[in-house]
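Undergrad: Before I ask anything, let me first share the structure, which is written out below as structure tokens.
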Amino acid sequence: MDPSAPVFSSDDARYMRRALSLAARATGDTSPNPMVGAVLVLNGKIVGEGWHHQAGQPHAEVEAIRHAQASGHKLGRAILYVTLEPCSTHGRTPPCTEAILKARIPKVVVAAVDPNPKHSGAGLDLLSQAGVKIWSGLLADQAVDLNEGFHYWMIHRRPFVTLKSASSLDGKIATAAGESKWITGERARKEGMILRRRSDAILVGVNTLIADDPSLTWRGRARLAPLRRVILDPKLRTPPLAQVLTDDHRAHTIVVTSDHGPKRAVRAVPSNVRVLIAPLIKGRLDLPWVMDRLGEMQIQSLLVEGGGETHAEFLKAQLAHRIVFFYAPLILGGRDARKSVGGDHSLAGYPRGLPLHSVQYRWLGVDLMLRALIQPRAPIAYVHRNR
């Protein structure tokens with residue numbers, strides 16, 4: 001254990017958990033900004049709270065300060081708990097470090113540092129040099145989980161990819177005839193909707209689109225950041241009347257095809273639907289190229305809802321980071337039934353199967369949800385300043 005690390009109390013953890021819960025209120029609303037929550041504590045009592053509601057609006061720290069000051073509180077002895085390092089640069093809004101110093105807050109407790117290599121630690125350094133006490137690393141894992149797409153994209157400029165599947169106990173997502181609707185129960189389906197809410201975009205292969213004509217939308221409280229829809233379709237077989245091309249959300253649809261698709265099909269795609277012409281590798285779309293393009297569009301978190309061949313391609317290309325698989329107490333059977341993960345061969349480099357990490361199980365009624373990382377997460381570093 002690092003002897004210089006701060007020792008946090010149960011009260012510190014309680015206040016940070018409150019800040020994390022505030023941040024989560026903006027799920028689906030802040031992209032491309034992260035979700036951030038802040039709590040101001042004075043004499044052991046919370047006197048100000050805030051969270052970032054939407055890109056371009058005040059940040060969590062500013063909201064918490066305004067809340068406390070509106071109630072007449074002086075903050076010269078307060079402690080600010082915030083889930084992400086305060087920004088120190090001008091963007092759409094002024095830097096939060098400026099507001100903290102103006103309010104004369106003497107101590108700041110931070111969960112996670114800014115993942116942007118250009119800015120990481122800069123806000124903490126600035127505050128520390130101005131005499132503010134900085135403690136960081138409190139509930140850092142939970143803070144990174146909350147914004148895992150933002151943290152990954154900031155470093156790699158590609159989306160953090162989650163593979164999602166709902167299957168029978170024997171791993172089948174549909175019968176050989178394509179019948180698949182409502183394999184899992186209502187609670188599992190609601191959890192699937194939450195995954196969509198937490199994502200910037202949802203992706204399926206063209207076979208799934210042809211079989212099911214899914215809407216690929218979020219059903220619930222309106223999102224402030226649009227959910228984009230990505231269709232992998234190398235030969236442009238997407239039906240012209242598919243919902244993703246004709247509904248009110250078609251401006252948020254991205255069709256990824258290749259120059260092997262018929263030109264008349266390209267011309268038939270509505271003008272407000274984005275078409276990407278991707279290169280082919282051995283007859284398949286170049287997925288790393290696709291991920292780079294989606295990253296350029298600031299798609300930070302991508303939910304892949306298959307089917308099985310699409311899941312296999314992401315795993316083979318080592319582009320998937322997490323799986324969330326739902327299992328129903330049902331056996332479909334059938335040699336030709338569609339699987340959660342398809343492909344002609346086992347995954348390269350894993351002759352005994354792909355091991356998973358940080359595995360979590362959760363019961364949703366009679367259904368079981370498995371959530372796991374495909375690669376173990378690197379240890380989270382924290383920045384520690386003067387105590």
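The way I read the labels, and the way they are meant: chains A, B, ... in the order of the structure tokens, residue 1 as the first residue of every chain, and ligand 1 as the first ligand shown, with later ones counted on from there.
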Within 9 Å of range 25-41 of chain A, counting only C-alpha atoms, which residues show up once you throw out same-chain ones fewer than 4 positions away? Write them as a PyMOL selection string, please.
TA: chain A and resi 15-16+18-21+45-56+59-65+68+75+77-84+143+146-147+149-151+196-200+222-227+298-300
Undergrad: Which range 155-200 of chain A residues have any atom within 12 Å of an atom of range 278-287 of chain A, and for each, what is the nearest pair of atoms with distance in Å to one decimal, counting only C-alpha atoms, rows sorted by chain and number, as a Markdown table?
TA:
| residue | atom | partner | partner_atom | distance |
| --- | --- | --- | --- | --- |
| A:Arg158 | CA | A:Leu287 | CA | 11.2 |
| A:Pro159 | CA | A:Leu287 | CA | 11.8 |
| A:Val161 | CA | A:Leu287 | CA | 11.9 |
Undergrad: Keeping only N, CA and C atoms, write the selected residues to a file as a PDB file, in the first residue's frame.
TA:
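File written: out_9.pdb
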ATOM      1  N   ARG A 158     -11.484   5.409 -29.888  1.00  0.00           N
ATOM      2  CA  ARG A 158     -12.420   4.421 -30.417  1.00  0.00           C
ATOM      3  C   ARG A 158     -13.488   4.161 -29.368  1.00  0.00           C
ATOM      4  N   PRO A 159     -14.634   3.629 -29.760  1.00  0.00           N
ATOM      5  CA  PRO A 159     -15.677   3.346 -28.771  1.00  0.00           C
ATOM      6  C   PRO A 159     -15.300   2.182 -27.856  1.00  0.00           C
ATOM      7  N   VAL A 161     -16.713  -1.027 -26.456  1.00  0.00           N
ATOM      8  CA  VAL A 161     -17.705  -1.890 -27.098  1.00  0.00           C
ATOM      9  C   VAL A 161     -18.234  -2.932 -26.117  1.00  0.00           C
TER      10      VAL A 161
END
Undergrad: Could you work out how far CA of Thr175 in chain A lies from CA of Thr238 in chain A, giving the answer in Å with one decimal?
TA: 21.8 Å
Undergrad: What's the 9 Å shell around range 270-274 of chain A, counting only C-alpha atoms, without same-chain residues fewer than 5 positions away, as a list of chain:residue names?
TA: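 Residues meeting the cut-off are A:Pro240, A:Val244, A:Leu245, A:Thr246, A:Arg250, A:Ala251, A:His252, A:Thr253, A:Ile254, A:Val255, A:Val256.
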Undergrad: For those residues, write N, CA, C and O atoms to a file as a short mmCIF file (atom, residue, chain, number, x, y, z; two decimals), in the first residue's frame.
TA:
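Generated file (result_2.cif):
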data_model
loop_
_atom_site.label_atom_id
_atom_site.label_comp_id
_atom_site.auth_asym_id
_atom_site.auth_seq_id
_atom_site.Cartn_x
_atom_site.Cartn_y
_atom_site.Cartn_z
N PRO A 240 -35.29 -1.05 -48.15
CA PRO A 240 -35.60 0.39 -48.22
C PRO A 240 -36.65 0.84 -47.22
O PRO A 240 -36.66 2.00 -46.81
N VAL A 244 -35.14 1.70 -39.55
CA VAL A 244 -33.99 2.57 -39.31
C VAL A 244 -33.77 3.57 -40.45
O VAL A 244 -33.06 4.56 -40.28
N LEU A 245 -34.40 3.31 -41.62
CA LEU A 245 -34.28 4.23 -42.76
C LEU A 245 -35.51 5.11 -42.94
O LEU A 245 -35.46 6.10 -43.70
N THR A 246 -36.60 4.79 -42.26
CA THR A 246 -37.86 5.49 -42.55
C THR A 246 -38.49 6.17 -41.34
O THR A 246 -39.39 6.98 -41.51
N ARG A 250 -34.29 8.55 -38.34
CA ARG A 250 -33.38 8.08 -39.41
C ARG A 250 -32.15 8.96 -39.58
O ARG A 250 -31.12 8.50 -40.07
N ALA A 251 -32.22 10.22 -39.14
CA ALA A 251 -31.04 11.10 -39.24
C ALA A 251 -29.92 10.62 -38.31
O ALA A 251 -28.78 11.06 -38.45
N HIS A 252 -30.24 9.72 -37.38
CA HIS A 252 -29.23 9.19 -36.46
C HIS A 252 -28.78 7.79 -36.88
O HIS A 252 -28.12 7.10 -36.10
N THR A 253 -29.13 7.38 -38.09
CA THR A 253 -28.73 6.06 -38.60
C THR A 253 -27.45 6.18 -39.43
O THR A 253 -27.30 7.10 -40.23
N ILE A 254 -26.54 5.23 -39.24
CA ILE A 254 -25.29 5.14 -40.00
C ILE A 254 -25.25 3.76 -40.64
O ILE A 254 -25.25 2.75 -39.93
N VAL A 255 -25.22 3.72 -41.95
CA VAL A 255 -25.12 2.45 -42.67
C VAL A 255 -23.68 2.30 -43.14
O VAL A 255 -23.16 3.15 -43.87
N VAL A 256 -23.03 1.22 -42.71
CA VAL A 256 -21.65 0.96 -43.11
C VAL A 256 -21.67 -0.12 -44.19
O VAL A 256 -22.09 -1.25 -43.95
#
Undergrad: If you count only C-alpha atoms, which residues fall within 10 Å of Gly342 in chain A, apart from same-chain ones fewer than 2 positions away, as a list in words?
TA: Gly306, Gly307, Gly308, Glu309, Thr310, His311, Ala312, Glu313, Arg338, Lys339, Ser340, Asp344, His345 and Ser346 of chain A
Undergrad: List every residue of range 122-154 of chain A that has an atom at most 10 Å from any atom of range 361-382 of chain A, giving for each one its closest atom pair and the distance in Å to one decimal, counting only C-alpha atoms, sorted by chain and then by ascending residue number, as JSON lines.
TA:
{"residue": "A:Trp135", "atom": "CA", "partner": "A:Tyr382", "partner_atom": "CA", "distance": 9.0}
{"residue": "A:Ser136", "atom": "CA", "partner": "A:Tyr382", "partner_atom": "CA", "distance": 6.0}
{"residue": "A:Gly137", "atom": "CA", "partner": "A:Tyr382", "partner_atom": "CA", "distance": 5.1}
{"residue": "A:Leu138", "atom": "CA", "partner": "A:Tyr382", "partner_atom": "CA", "distance": 8.9}
{"residue": "A:Ala140", "atom": "CA", "partner": "A:Ile380", "partner_atom": "CA", "distance": 7.2}
{"residue": "A:Asp141", "atom": "CA", "partner": "A:Ile380", "partner_atom": "CA", "distance": 7.2}
{"residue": "A:Val144", "atom": "CA", "partner": "A:Ile380", "partner_atom": "CA", "distance": 8.7}
Undergrad: Residues of the last selection are to be written out with N, CA, C and O atoms, as an mmCIF file, in the first residue's frame.
TA:
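In the end it all went to result27.cif:
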data_model
loop_
_atom_site.group_PDB
_atom_site.id
_atom_site.type_symbol
_atom_site.label_atom_id
_atom_site.label_comp_id
_atom_site.auth_asym_id
_atom_site.auth_seq_id
_atom_site.Cartn_x
_atom_site.Cartn_y
_atom_site.Cartn_z
ATOM 1 N N TRP A 135 -7.348 15.442 -2.345
ATOM 2 C CA TRP A 135 -7.332 13.999 -2.146
ATOM 3 C C TRP A 135 -8.024 13.379 -3.345
ATOM 4 O O TRP A 135 -9.079 13.847 -3.764
ATOM 5 N N SER A 136 -7.439 12.339 -3.877
ATOM 6 C CA SER A 136 -8.069 11.721 -5.048
ATOM 7 C C SER A 136 -7.947 10.207 -4.985
ATOM 8 O O SER A 136 -7.117 9.661 -4.261
ATOM 9 N N GLY A 137 -8.813 9.525 -5.759
ATOM 10 C CA GLY A 137 -8.819 8.078 -5.799
ATOM 11 C C GLY A 137 -9.948 7.442 -5.021
ATOM 12 O O GLY A 137 -10.074 6.221 -4.997
ATOM 13 N N LEU A 138 -10.820 8.229 -4.383
ATOM 14 C CA LEU A 138 -11.932 7.684 -3.609
ATOM 15 C C LEU A 138 -13.003 7.130 -4.541
ATOM 16 O O LEU A 138 -13.568 7.864 -5.357
ATOM 17 N N ALA A 140 -12.661 5.286 -7.107
ATOM 18 C CA ALA A 140 -12.239 5.517 -8.493
ATOM 19 C C ALA A 140 -12.799 4.466 -9.439
ATOM 20 O O ALA A 140 -13.196 4.788 -10.566
ATOM 21 N N ASP A 141 -12.838 3.195 -9.005
ATOM 22 C CA ASP A 141 -13.368 2.141 -9.877
ATOM 23 C C ASP A 141 -14.816 2.419 -10.266
ATOM 24 O O ASP A 141 -15.195 2.271 -11.427
ATOM 25 N N VAL A 144 -14.991 5.288 -12.779
ATOM 26 C CA VAL A 144 -14.606 4.891 -14.133
ATOM 27 C C VAL A 144 -15.708 4.046 -14.764
ATOM 28 O O VAL A 144 -16.025 4.189 -15.947
#
